[in-house]
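Participant: For reference, the file run37.txt (compact mmCIF, C-alpha atoms) is included below:
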# COMPACT_ATOMS: atom_id res chain seq x y z
CA MET A 51 66.42 48.73 61.62
CA TRP A 52 67.32 48.96 57.96
CA GLN A 53 67.61 45.16 57.70
CA SER A 54 64.21 44.75 59.34
CA ALA A 55 62.60 47.14 56.87
CA ALA A 56 64.31 45.38 53.98
CA ARG A 57 63.02 42.02 55.17
CA THR A 58 59.52 43.46 55.46
CA ARG A 59 59.63 44.79 51.90
CA THR A 60 61.01 41.48 50.62
CA SER A 61 58.33 39.50 52.45
CA SER A 62 55.62 41.82 51.13
CA ALA A 63 56.88 41.46 47.55
CA PHE A 64 57.05 37.69 47.90
CA THR A 65 53.54 37.29 49.27
CA SER A 66 52.08 39.69 46.73
CA PHE A 67 53.67 37.65 43.93
CA PHE A 68 51.91 34.51 45.14
CA PHE A 69 48.67 35.81 46.60
CA ASN A 70 47.83 39.15 44.98
CA ASN A 71 45.06 37.81 42.78
CA THR A 72 43.13 41.08 42.55
CA GLN A 73 45.18 41.87 39.46
CA TRP A 74 42.95 39.45 37.52
CA VAL A 75 39.77 41.27 38.54
CA SER A 76 38.06 43.35 35.88
CA PRO A 77 38.67 47.12 36.17
CA ALA A 78 34.88 47.47 36.18
CA ILE A 79 34.80 45.98 39.70
CA HIS A 80 35.54 48.19 42.68
CA ILE A 81 37.53 46.48 45.44
CA THR A 82 37.20 47.46 49.12
CA ARG A 83 38.56 45.85 52.25
CA ASN A 84 36.15 44.01 54.54
CA PRO A 85 36.35 45.73 57.98
CA HIS A 86 35.33 42.51 59.76
CA SER A 87 37.95 40.23 58.21
CA TYR A 88 41.12 40.17 56.19
CA GLY A 89 39.23 39.57 52.96
CA LEU A 90 38.28 41.84 50.09
CA ILE A 91 34.79 42.73 48.85
CA ALA A 92 34.08 43.14 45.13
CA HIS A 93 31.44 45.75 44.23
CA PRO A 94 30.36 45.54 40.57
CA THR A 95 29.63 48.92 39.15
CA THR A 96 26.16 49.49 37.74
CA ASP A 97 26.73 52.60 35.68
CA LEU A 98 28.19 50.84 32.65
CA PRO A 99 26.21 50.75 29.41
CA ARG A 100 25.16 47.40 27.95
CA SER A 101 27.61 47.94 25.10
CA ALA A 102 30.46 47.61 27.60
CA PHE A 103 29.67 43.93 28.09
CA LYS A 104 30.61 41.21 25.63
CA GLN A 105 27.71 39.20 24.31
CA VAL A 106 27.96 35.46 24.86
CA GLU A 107 28.34 33.64 21.56
CA ALA A 108 25.93 30.87 20.65
CA LEU A 109 27.27 27.32 20.82
CA THR A 110 27.07 26.45 17.13
CA PRO A 111 28.29 22.99 16.05
CA ALA A 112 31.50 24.46 14.63
CA ARG A 113 32.22 26.49 17.76
CA LEU A 114 31.35 23.56 20.04
CA THR A 115 33.75 21.32 18.11
CA LYS A 116 36.49 23.89 18.60
CA ILE A 117 35.77 24.09 22.32
CA TYR A 118 35.82 20.31 22.64
CA GLY A 119 39.22 20.35 20.97
CA GLN A 120 40.48 22.92 23.48
CA LEU A 121 39.12 20.89 26.38
CA SER A 122 40.88 17.83 24.97
CA LYS A 123 44.16 19.75 24.54
CA SER A 124 44.17 18.66 20.91
CA SER A 125 47.95 18.89 20.38
CA LEU A 126 48.61 16.68 23.41
CA THR A 127 45.89 14.24 22.36
CA VAL A 128 47.33 14.00 18.84
CA LEU A 129 50.76 13.26 20.34
CA ASN A 130 49.26 10.47 22.46
CA VAL A 131 47.54 8.97 19.42
CA LEU A 132 50.74 9.06 17.37
CA ALA A 133 52.62 7.42 20.24
CA ALA A 134 49.99 4.68 20.39
CA MET A 135 50.26 4.19 16.62
CA SER A 136 54.02 3.77 16.96
CA GLY A 137 53.37 0.85 19.31
CA VAL A 138 51.13 -0.71 16.68
CA ALA A 139 53.66 -0.09 13.91
CA LEU A 140 56.55 -1.61 15.88
CA SER A 141 54.62 -4.72 16.90
CA PRO A 142 55.73 -7.90 15.07
CA LEU A 143 52.19 -9.25 15.29
CA PRO A 144 49.70 -8.80 12.45
CA THR A 145 46.88 -6.31 12.85
CA THR A 146 43.84 -5.08 10.94
CA VAL A 147 42.52 -1.68 9.92
CA PRO A 148 39.59 -1.86 12.42
CA VAL A 149 42.04 -2.56 15.27
CA LEU A 150 44.25 0.30 14.13
CA LEU A 151 41.35 2.76 13.95
CA ALA A 152 39.86 1.56 17.25
CA THR A 153 43.21 2.04 18.99
CA ALA A 154 43.50 5.57 17.62
CA VAL A 155 39.93 6.57 18.49
CA GLY A 156 39.96 4.91 21.90
CA THR A 157 43.26 6.51 22.86
CA ALA A 158 42.04 9.92 21.68
CA LEU A 159 38.84 9.67 23.72
CA CYS A 160 40.70 8.59 26.88
CA SER A 161 43.11 11.50 26.46
CA ALA A 162 40.27 13.95 25.80
CA SER A 163 38.42 12.84 28.93
CA ALA A 164 41.51 13.06 31.15
CA ASN A 165 42.44 16.53 29.91
CA THR A 166 38.89 17.81 30.29
CA LEU A 167 38.53 16.52 33.85
CA ASN A 168 41.87 18.13 34.64
CA GLN A 169 40.59 21.51 33.44
CA VAL A 170 37.27 21.14 35.27
CA GLN A 171 39.15 20.77 38.56
CA GLU A 172 41.68 23.53 37.93
CA VAL A 173 39.47 26.47 36.94
CA PRO A 174 40.50 28.68 39.91
CA PHE A 175 44.18 28.00 39.25
CA ASP A 176 44.01 28.29 35.46
CA ALA A 177 42.42 31.73 35.92
CA GLN A 178 45.61 32.92 37.63
CA MET A 179 48.07 31.85 34.92
CA ALA A 180 48.54 33.88 31.76
CA ARG A 181 48.97 30.81 29.55
CA THR A 182 45.80 29.10 30.80
CA ARG A 183 43.36 31.91 31.63
CA MET A 184 41.79 31.68 28.16
CA ARG A 185 40.81 28.04 28.48
CA PRO A 186 37.13 27.39 27.68
CA ILE A 187 35.77 26.92 31.19
CA VAL A 188 37.79 29.83 32.60
CA ARG A 189 36.49 32.27 30.01
CA ARG A 190 32.98 30.76 30.38
CA ALA A 191 32.74 29.59 26.80
CA ILE A 192 31.24 26.39 28.19
CA SER A 193 29.80 25.51 31.57
CA PRO A 194 31.59 23.15 33.98
CA LEU A 195 28.58 20.82 33.86
CA HIS A 196 28.72 20.65 30.06
CA ALA A 197 32.47 20.00 30.17
CA THR A 198 32.02 17.27 32.78
CA ALA A 199 29.35 15.62 30.62
CA PHE A 200 31.73 15.66 27.65
CA ALA A 201 34.46 14.12 29.81
CA ALA A 202 32.11 11.44 31.08
CA VAL A 203 30.89 10.44 27.61
CA SER A 204 34.39 10.31 26.12
CA GLY A 205 35.79 8.62 29.26
CA ILE A 206 33.23 5.81 28.98
CA THR A 207 33.24 5.49 25.19
CA GLY A 208 37.04 5.35 24.84
CA PRO A 209 37.68 2.30 27.06
CA ALA A 210 34.50 0.67 25.72
CA ILE A 211 35.82 0.90 22.15
CA LEU A 212 39.21 -0.44 23.22
CA TRP A 213 37.56 -3.31 25.13
CA THR A 214 35.29 -4.43 22.29
CA MET A 215 37.55 -3.75 19.30
CA THR A 216 40.99 -4.63 20.71
CA ASN A 217 41.21 -6.40 24.08
CA PRO A 218 40.52 -5.84 27.81
CA THR A 219 44.21 -5.22 28.58
CA THR A 220 44.35 -2.17 26.33
CA ALA A 221 41.06 -0.87 27.71
CA LEU A 222 42.25 -1.21 31.29
CA ILE A 223 45.48 0.65 30.52
CA GLY A 224 43.49 3.44 28.89
CA ALA A 225 41.04 3.69 31.79
CA GLY A 226 43.87 3.50 34.31
CA THR A 227 45.87 6.33 32.75
CA LEU A 228 42.70 8.43 32.54
CA ALA A 229 42.06 7.90 36.25
CA LEU A 230 45.69 8.61 37.20
CA TYR A 231 45.80 11.87 35.25
CA ALA A 232 42.41 13.19 36.31
CA GLY A 233 42.80 12.00 39.91
CA PRO A 234 46.15 11.66 41.72
CA TYR A 235 48.19 13.67 39.21
CA THR A 236 45.85 16.69 39.24
CA TRP A 237 45.62 16.59 43.03
CA MET A 238 49.39 16.22 43.51
CA LYS A 239 50.23 19.29 41.41
CA ARG A 240 49.71 21.45 44.50
CA LYS A 241 51.01 18.90 46.99
CA SER A 242 54.28 17.35 45.83
CA ILE A 243 56.89 17.52 43.08
CA ALA A 244 56.25 13.80 42.58
CA ASN A 245 53.38 14.83 40.31
CA THR A 246 55.86 15.14 37.44
CA TRP A 247 56.94 11.51 37.77
CA LEU A 248 53.34 10.34 37.98
CA GLY A 249 52.50 12.41 34.90
CA ALA A 250 55.42 10.78 33.07
CA VAL A 251 53.93 7.35 33.78
CA VAL A 252 50.67 8.48 32.18
CA GLY A 253 52.52 9.93 29.18
CA ALA A 254 54.49 6.74 28.62
CA ALA A 255 51.39 4.53 28.41
CA PRO A 256 50.16 5.19 24.80
CA PRO A 257 52.85 3.15 22.96
CA VAL A 258 52.24 0.31 25.40
CA MET A 259 48.53 0.52 24.55
CA GLY A 260 49.43 0.25 20.86
CA TRP A 261 51.56 -2.80 21.63
CA THR A 262 48.86 -4.61 23.58
CA ALA A 263 46.16 -3.68 21.04
CA CYS A 264 47.89 -6.01 18.57
CA GLY A 265 47.95 -8.82 21.12
CA GLY A 266 51.40 -8.10 22.53
CA GLN A 267 52.32 -9.42 25.96
CA LEU A 268 53.03 -7.22 28.97
CA PHE A 269 54.35 -9.80 31.43
CA PRO A 270 56.56 -12.87 30.93
CA SER A 271 55.03 -16.30 31.22
CA SER A 272 55.86 -19.90 30.36
CA SER A 273 54.19 -19.41 26.98
CA PHE A 274 55.90 -16.08 26.38
CA PRO A 275 59.34 -16.05 28.04
CA VAL A 276 61.65 -13.07 27.75
CA HIS A 277 63.82 -13.25 24.62
CA ILE A 278 66.83 -11.03 24.06
CA PHE A 279 68.47 -10.28 20.73
CA PRO A 280 72.15 -9.54 21.28
CA PRO A 281 74.36 -8.67 18.30
CA SER A 282 75.60 -11.81 16.59
CA PHE A 283 79.29 -10.98 17.02
CA ILE A 284 79.16 -11.27 20.84
CA SER A 285 77.10 -14.45 21.04
CA ALA A 286 78.40 -18.00 21.11
CA LEU A 287 75.07 -19.44 20.01
CA PRO A 288 74.58 -20.50 16.40
CA GLU A 289 72.74 -18.02 14.21
CA ILE A 290 69.12 -18.82 13.40
CA ALA A 291 66.56 -17.13 11.23
CA LEU A 292 64.53 -14.52 13.06
CA ASP A 293 61.10 -15.58 14.26
CA PRO A 294 59.03 -12.38 14.74
CA SER A 295 56.86 -14.07 17.36
CA LEU A 296 59.89 -14.22 19.67
CA ILE A 297 59.77 -10.41 19.97
CA ASN A 298 56.37 -10.72 21.65
CA SER A 299 57.75 -10.60 25.18
CA SER A 300 57.64 -8.15 28.07
CA LEU A 301 61.01 -6.59 27.18
CA ALA A 302 59.63 -4.80 24.10
CA PRO A 303 56.83 -2.83 25.85
CA LEU A 304 59.27 -2.05 28.65
CA ALA A 305 61.63 -0.49 26.09
CA LEU A 306 58.79 1.59 24.60
CA PHE A 307 57.71 2.73 28.05
CA ALA A 308 61.28 3.64 29.06
CA LEU A 309 61.78 5.74 25.92
CA LEU A 310 58.63 7.83 26.42
CA PHE A 311 59.11 8.06 30.19
CA SER A 312 62.63 9.51 30.03
CA TRP A 313 61.90 11.80 27.07
CA GLN A 314 59.21 13.61 29.01
CA PHE A 315 61.57 15.04 31.63
CA PRO A 316 63.75 17.17 29.32
CA HIS A 317 60.59 18.07 27.40
CA PHE A 318 58.45 19.10 30.36
CA ASN A 319 61.12 20.42 32.74
CA SER A 320 62.45 22.86 30.16
CA LEU A 321 58.92 24.17 29.50
CA ALA A 322 58.18 24.29 33.23
CA TYR A 323 61.27 26.46 33.76
CA VAL A 324 60.08 29.00 31.19
CA VAL A 325 56.61 29.28 32.78
CA ARG A 326 57.75 28.82 36.39
CA GLY A 327 56.31 32.21 37.37
CA SER A 328 52.82 31.11 36.36
CA TYR A 329 53.21 27.81 38.21
CA ALA A 330 54.31 29.69 41.33
CA GLN A 331 51.36 32.05 41.11
CA ALA A 332 48.92 29.14 40.85
CA GLY A 333 50.56 27.37 43.80
CA CYS A 334 51.83 24.38 41.80
CA HIS A 335 54.58 22.31 43.43
CA MET A 336 56.92 22.07 40.49
CA LEU A 337 60.64 21.40 40.67
CA SER A 338 61.24 24.36 38.36
CA VAL A 339 59.74 26.63 41.06
CA LEU A 340 61.14 25.03 44.20
CA ASP A 341 64.60 24.02 42.94
CA PRO A 342 65.44 25.17 39.37
CA ARG A 343 68.93 23.69 39.59
CA LYS A 344 67.63 20.23 40.40
CA ASN A 345 64.96 20.67 37.72
CA ALA A 346 67.72 21.01 35.12
CA LEU A 347 69.66 18.12 36.66
CA VAL A 348 66.67 15.78 36.30
CA SER A 349 66.43 16.77 32.63
CA LEU A 350 70.12 16.00 32.13
CA ARG A 351 69.83 12.68 33.95
CA HIS A 352 67.00 11.41 31.76
CA ALA A 353 68.61 12.70 28.56
CA LEU A 354 71.60 10.57 29.54
CA ILE A 355 69.36 7.55 30.23
CA LEU A 356 67.97 7.82 26.70
CA ILE A 357 71.35 6.80 25.23
CA PRO A 358 71.47 3.25 26.72
CA THR A 359 67.72 2.98 26.18
CA CYS A 360 68.15 3.54 22.44
CA SER A 361 71.54 1.87 21.95
CA VAL A 362 71.08 -1.17 24.21
CA LEU A 363 67.57 -1.83 25.52
CA ILE A 364 65.58 -1.24 22.33
CA PRO A 365 67.69 -3.38 19.96
CA LEU A 366 68.17 -5.98 22.72
CA SER A 367 64.38 -6.31 22.96
CA GLY A 368 64.18 -7.13 19.26
CA LEU A 369 62.13 -4.09 18.31
CA THR A 370 64.89 -2.90 15.98
CA THR A 371 68.08 -4.16 14.45
CA TRP A 372 71.40 -3.19 16.01
CA TRP A 373 71.91 -0.58 13.31
CA PHE A 374 69.47 1.55 15.30
CA ALA A 375 71.94 1.53 18.19
CA LEU A 376 74.43 3.35 15.98
CA SER A 377 72.13 5.63 14.00
CA SER A 378 70.36 6.89 17.15
CA LEU A 379 73.61 8.08 18.71
CA LEU A 380 73.75 11.39 16.81
CA PRO A 381 70.29 12.71 17.83
CA ASN A 382 70.87 11.45 21.37
CA VAL A 383 74.19 13.28 21.64
CA ILE A 384 72.58 16.50 20.34
CA PHE A 385 69.75 16.14 22.83
CA LEU A 386 72.16 15.37 25.67
CA ARG A 387 74.28 18.41 24.86
CA ALA A 388 71.24 20.70 24.96
CA SER A 389 70.30 19.21 28.35
CA TRP A 390 73.84 19.71 29.64
CA VAL A 391 73.88 23.36 28.53
CA PHE A 392 70.53 23.89 30.26
CA TRP A 393 71.91 22.35 33.47
CA LYS A 394 75.18 24.28 33.28
CA ASN A 395 73.74 27.75 32.55
CA GLY A 396 70.14 27.41 33.74
CA GLY A 397 68.74 30.25 31.65
CA GLU A 398 65.48 30.66 29.78
CA LYS A 399 67.31 30.72 26.45
CA GLN A 400 68.82 27.31 27.17
CA ALA A 401 65.46 25.99 28.39
CA ARG A 402 63.74 27.08 25.19
CA THR A 403 66.49 25.46 23.11
CA LEU A 404 66.08 22.17 24.96
CA PHE A 405 62.30 22.31 24.57
CA ARG A 406 62.61 22.86 20.81
CA HIS A 407 65.02 19.92 20.60
CA SER A 408 62.51 17.71 22.41
CA LEU A 409 59.88 18.49 19.76
CA TRP A 410 61.90 16.97 16.91
CA TYR A 411 63.66 14.31 18.98
CA LEU A 412 60.73 11.98 19.70
CA PRO A 413 59.21 11.76 16.19
CA LEU A 414 62.71 11.32 14.74
CA ILE A 415 63.58 8.48 17.11
CA LEU A 416 60.25 6.73 16.56
CA GLY A 417 60.66 7.11 12.81
CA MET A 418 64.15 5.65 12.98
CA MET A 419 62.85 2.74 15.03
CA MET A 420 60.31 1.98 12.30
CA ALA A 421 63.00 2.25 9.64
CA HIS A 422 65.17 -0.23 11.56
CA LYS A 423 62.28 -2.47 12.59
CA GLN A 424 63.31 -6.05 13.08
CA GLY A 425 62.51 -8.32 10.12
CA VAL A 426 61.64 -5.54 7.64
CA ASN A 427 63.45 -5.76 4.31
CA TRP A 428 63.20 -2.24 2.88
CA SER A 429 64.91 -3.22 -0.37
CA GLN A 430 61.93 -5.45 -1.18
CA TRP A 431 59.50 -2.69 -0.15
CA ILE A 432 60.96 -0.26 -2.66
CA GLY A 433 61.42 -2.91 -5.35
CA LEU A 434 65.19 -3.28 -5.21
CA GLY A 435 65.32 -6.69 -3.61
CA SER A 436 65.46 -10.04 -5.31
CA ASP A 437 62.28 -12.07 -5.71
CA ASP A 438 64.24 -15.23 -4.97
CA PRO A 439 63.84 -15.99 -1.26
CA GLU A 440 67.17 -17.83 -1.28
CA LYS A 441 68.94 -14.64 -2.43
CA SER A 442 67.13 -12.20 -0.14
CA LYS A 443 67.10 -13.80 3.26
CA ASP A 444 66.18 -11.67 6.21
CA GLU A 445 68.95 -10.58 8.50
CA THR A 446 69.86 -13.41 10.86
CA HIS A 447 70.09 -12.78 14.54
CA VAL A 448 71.04 -14.69 17.61
CA VAL A 449 68.18 -15.22 20.00
CA ALA A 450 68.88 -16.01 23.62
CA THR A 451 66.12 -17.02 26.02
CA THR A 452 66.19 -15.97 29.62
Translate the structure described by the file into structure tokens.

Facilitator:
Amino acid sequence: MWQSAARTRTSSAFTSFFFNNTQWVSPAIHITRNPHSYGLIAHPTTDLPRSAFKQVEALTPARLTKIYGQLSKSSLTVLNVLAAMSGVALSPLPTTVPVLLATAVGTALCSASANTLNQVQEVPFDAQMARTRMRPIVRRAISPLHATAFAAVSGITGPAILWTMTNPTTALIGAGTLALYAGPYTWMKRKSIANTWLGAVVGAAPPVMGWTACGGQLFPSSSFPVHIFPPSFISALPEIALDPSLINSSLAPLALFALLFSWQFPHFNSLAYVVRGSYAQAGCHMLSVLDPRKNALVSLRHALILIPTCSVLIPLSGLTTWWFALSSLLPNVIFLRASWVFWKNGGEKQARTLFRHSLWYLPLILGMMMAHKQGVNWSQWIGLGSDDPEKSKDETHVVATT
């Protein structure tokens, strides 16, 4: 009897945690139970003075710009733009300022559209989570129709700019990631934990867009075969001077994609663990809610994958010299240790530590990649190198064709 009562109390507490949404209703609304169903009826009170209600603010240009930034998730959009710029910076192919600006603007508009469409669809769920209930549509700072119009304009303009100012490949990647994020990813958040992996594909696309915007290749062909750049001391081939055009193969964008893809799991899974209660309340199928232990294990697994990605795949693709393989070991080991501690202990303190590490890890690694970019002679850039080309030859590398 006691066990049955205990189970009843436990079941009641569990269901109220997930489904007791009346806690978000304003105290000015009186709730009664519908005698003809299991639902609740909200009765707004009418005895409140007008001063009790908040006046809707006018949509001035400054306020509308701020709301558009919130719809676009400005911090996430800025991160996507910076990731796209890293693809441009690491490309061995020449570019122009118009192409650079078009890539930045086009990527920003695609990201803004995807994030806005995501919020338009998730208003009922965002209203239930403490960290999202103040989003513009939820708090009625802007109408869903207005937000949808903003998403439509930016979603059309972004790929159009990429198509006309860069190339169709970049535009198609931008439009494709927009559709994936606003469509299958948003739908899958309440259906399957696979949404995290699909979201990681979307998040790994910006540096690839930067690569293709400069004319970089995505797939191998007879004109652009795959070239690898092993360290000279393990190759039996004679050393030849580096030809930057040889880096323009499918291995380089694959390395960029792999870096961003794996980084997202320690970054997102640690954050998802901290806010797992909100995800549970909104009915999101997140690994941090359904299996916190496996959530931490996935973070550890991808933190481990980042080591061969940085120390083997990236220099082997020719994006960087092999000095990057050594210099990237220290930040990778620090990141891996934080992931291991999170997996071992599984506490919120460890999750927050891992999340903070992920914030400095990516910009540091991308910056180091640019510092070790293949074919860049920094001594000449800062004026320490010799003007005689015979005395300041670029670093020679062995190039093997597969």

Participant: Which residues are close to A:Pro186, i.e. within 10 Å by all atoms listed in the file, leaving aside same-chain residues fewer than 6 positions away? Reply as a list in words.

Facilitator: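 What passes the distance filter is Lys116, Ile117, Tyr118, Gly119, Gln120, Leu121, Gln169, Val170, Val173, Ile192, Ser193, Pro194 and Ala197 of chain A.
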
Participant: By how many Å are atom CA of A:Pro365 and atom CA of A:Gly249 apart?

Facilitator: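 About the pair atom CA of A:Pro365 and atom CA of A:Gly249: they are 26.5 Å apart.
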
Participant: Hey, can you check how far atom CA of A:Val188 sits from atom CA of A:Ala332?

Facilitator: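 About the pair atom CA of A:Val188 and atom CA of A:Ala332: they are 13.9 Å apart.
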
Participant: Here is a test: counting all atoms listed in the file, which residue of A:Ala244, A:Leu369, A:Ala133, A:Ala232 is nearest to A:Ser300?

Facilitator: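 When distances to A:Ser300 are compared using all atoms listed in the file, the smallest one comes from A:Leu369.
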
Participant: Could you tell me how far atom CA of A:His335 lies from atom CA of A:Arg240, in Å and to one decimal?

Facilitator: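 Distance reported for this atom pair: 5.1 Å.
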
Participant: Using only C-alpha atoms, which of the listed residues (A:Leu409, A:Ala421, A:Ala152, A:Leu337) sits closest to A:Cys264?

Facilitator: A:Ala152

Participant: List the spatial neighbours of stretch 215-219 of chain A as a PyMOL selection string - criterion: any atom at most 8 Å away, all atoms listed in the file, same-chain residues fewer than 4 positions off excluded.

Facilitator: chain A and resi 148-149+152-153+211+223+262-265

Participant: Select, counting only C-alpha atoms, all protein, DNA and RNA residues no farther than 8 Å from (45.8, 10.1, 32.8) in file coordinates, and express the selection as a list in words.

Facilitator: Cys160, Ser161, Ala164, Asn165, Gly226, Thr227, Leu228, Ala229, Leu230, Tyr231, Ala232, Gly233, Tyr235, Gly249, Val252 and Gly253 of chain A

Participant: Write the residues you've just listed into a file as a CSV table (one decimal), in the coordinates of the input, and include C-alpha atoms for each of them.

Facilitator:
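Output (result24.csv):
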chain,number,residue,atom,x,y,z
A,160,CYS,CA,40.7,8.6,26.9
A,161,SER,CA,43.1,11.5,26.5
A,164,ALA,CA,41.5,13.1,31.2
A,165,ASN,CA,42.4,16.5,29.9
A,226,GLY,CA,43.9,3.5,34.3
A,227,THR,CA,45.9,6.3,32.8
A,228,LEU,CA,42.7,8.4,32.5
A,229,ALA,CA,42.1,7.9,36.2
A,230,LEU,CA,45.7,8.6,37.2
A,231,TYR,CA,45.8,11.9,35.2
A,232,ALA,CA,42.4,13.2,36.3
A,233,GLY,CA,42.8,12.0,39.9
A,235,TYR,CA,48.2,13.7,39.2
A,249,GLY,CA,52.5,12.4,34.9
A,252,VAL,CA,50.7,8.5,32.2
A,253,GLY,CA,52.5,9.9,29.2

Participant: Select stretch 242-249 of chain A in the preceding structure and write all heavy atoms to a file as an mmCIF file, in the first residue's frame.

Facilitator:
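Contents of result12.cif, as written:
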data_model
loop_
_atom_site.group_PDB
_atom_site.id
_atom_site.type_symbol
_atom_site.label_atom_id
_atom_site.label_comp_id
_atom_site.auth_asym_id
_atom_site.auth_seq_id
_atom_site.Cartn_x
_atom_site.Cartn_y
_atom_site.Cartn_z
ATOM 1 N N SER A 242 13.269 13.140 -32.073
ATOM 2 C CA SER A 242 14.417 12.236 -32.003
ATOM 3 C C SER A 242 15.661 12.994 -31.548
ATOM 4 O O SER A 242 15.831 14.183 -31.854
ATOM 5 C CB SER A 242 14.675 11.606 -33.383
ATOM 6 O OG SER A 242 15.901 10.908 -33.412
ATOM 7 N N ILE A 243 16.551 12.270 -30.848
ATOM 8 C CA ILE A 243 17.817 12.873 -30.428
ATOM 9 C C ILE A 243 18.738 13.114 -31.618
ATOM 10 O O ILE A 243 19.732 13.836 -31.498
ATOM 11 C CB ILE A 243 18.543 11.992 -29.402
ATOM 12 C CG1 ILE A 243 18.857 10.608 -30.001
ATOM 13 C CG2 ILE A 243 17.727 11.854 -28.122
ATOM 14 C CD1 ILE A 243 19.723 9.737 -29.124
ATOM 15 N N ALA A 244 18.387 12.564 -32.784
ATOM 16 C CA ALA A 244 19.200 12.787 -33.979
ATOM 17 C C ALA A 244 19.195 14.245 -34.402
ATOM 18 O O ALA A 244 19.998 14.642 -35.262
ATOM 19 C CB ALA A 244 18.706 11.904 -35.125
ATOM 20 N N ASN A 245 18.321 15.059 -33.820
ATOM 21 C CA ASN A 245 18.296 16.474 -34.176
ATOM 22 C C ASN A 245 19.630 17.150 -33.898
ATOM 23 O O ASN A 245 20.024 18.075 -34.604
ATOM 24 C CB ASN A 245 17.163 17.180 -33.427
ATOM 25 C CG ASN A 245 17.446 17.351 -31.944
ATOM 26 O OD1 ASN A 245 18.130 18.289 -31.515
ATOM 27 N ND2 ASN A 245 16.928 16.442 -31.130
ATOM 28 N N THR A 246 20.342 16.683 -32.866
ATOM 29 C CA THR A 246 21.627 17.303 -32.526
ATOM 30 C C THR A 246 22.642 17.077 -33.635
ATOM 31 O O THR A 246 23.411 17.978 -33.986
ATOM 32 C CB THR A 246 22.154 16.730 -31.200
ATOM 33 O OG1 THR A 246 21.158 16.923 -30.182
ATOM 34 C CG2 THR A 246 23.429 17.443 -30.778
ATOM 35 N N TRP A 247 22.653 15.886 -34.204
ATOM 36 C CA TRP A 247 23.596 15.582 -35.276
ATOM 37 C C TRP A 247 23.233 16.360 -36.536
ATOM 38 O O TRP A 247 24.122 16.839 -37.245
ATOM 39 C CB TRP A 247 23.604 14.076 -35.547
ATOM 40 C CG TRP A 247 24.457 13.312 -34.587
ATOM 41 C CD1 TRP A 247 25.728 12.868 -34.799
ATOM 42 C CD2 TRP A 247 24.115 12.931 -33.239
ATOM 43 N NE1 TRP A 247 26.197 12.219 -33.677
ATOM 44 C CE2 TRP A 247 25.231 12.238 -32.703
ATOM 45 C CE3 TRP A 247 22.987 13.108 -32.449
ATOM 46 C CZ2 TRP A 247 25.243 11.732 -31.407
ATOM 47 C CZ3 TRP A 247 22.991 12.597 -31.160
ATOM 48 C CH2 TRP A 247 24.099 11.921 -30.648
ATOM 49 N N LEU A 248 21.949 16.488 -36.819
ATOM 50 C CA LEU A 248 21.531 17.277 -37.976
ATOM 51 C C LEU A 248 21.876 18.750 -37.775
ATOM 52 O O LEU A 248 22.329 19.428 -38.708
ATOM 53 C CB LEU A 248 20.026 17.108 -38.201
ATOM 54 C CG LEU A 248 19.451 17.782 -39.444
ATOM 55 C CD1 LEU A 248 20.112 17.229 -40.702
ATOM 56 C CD2 LEU A 248 17.934 17.584 -39.519
ATOM 57 N N GLY A 249 21.688 19.252 -36.550
ATOM 58 C CA GLY A 249 22.071 20.628 -36.258
ATOM 59 C C GLY A 249 23.555 20.859 -36.402
ATOM 60 O O GLY A 249 24.002 21.940 -36.816
#
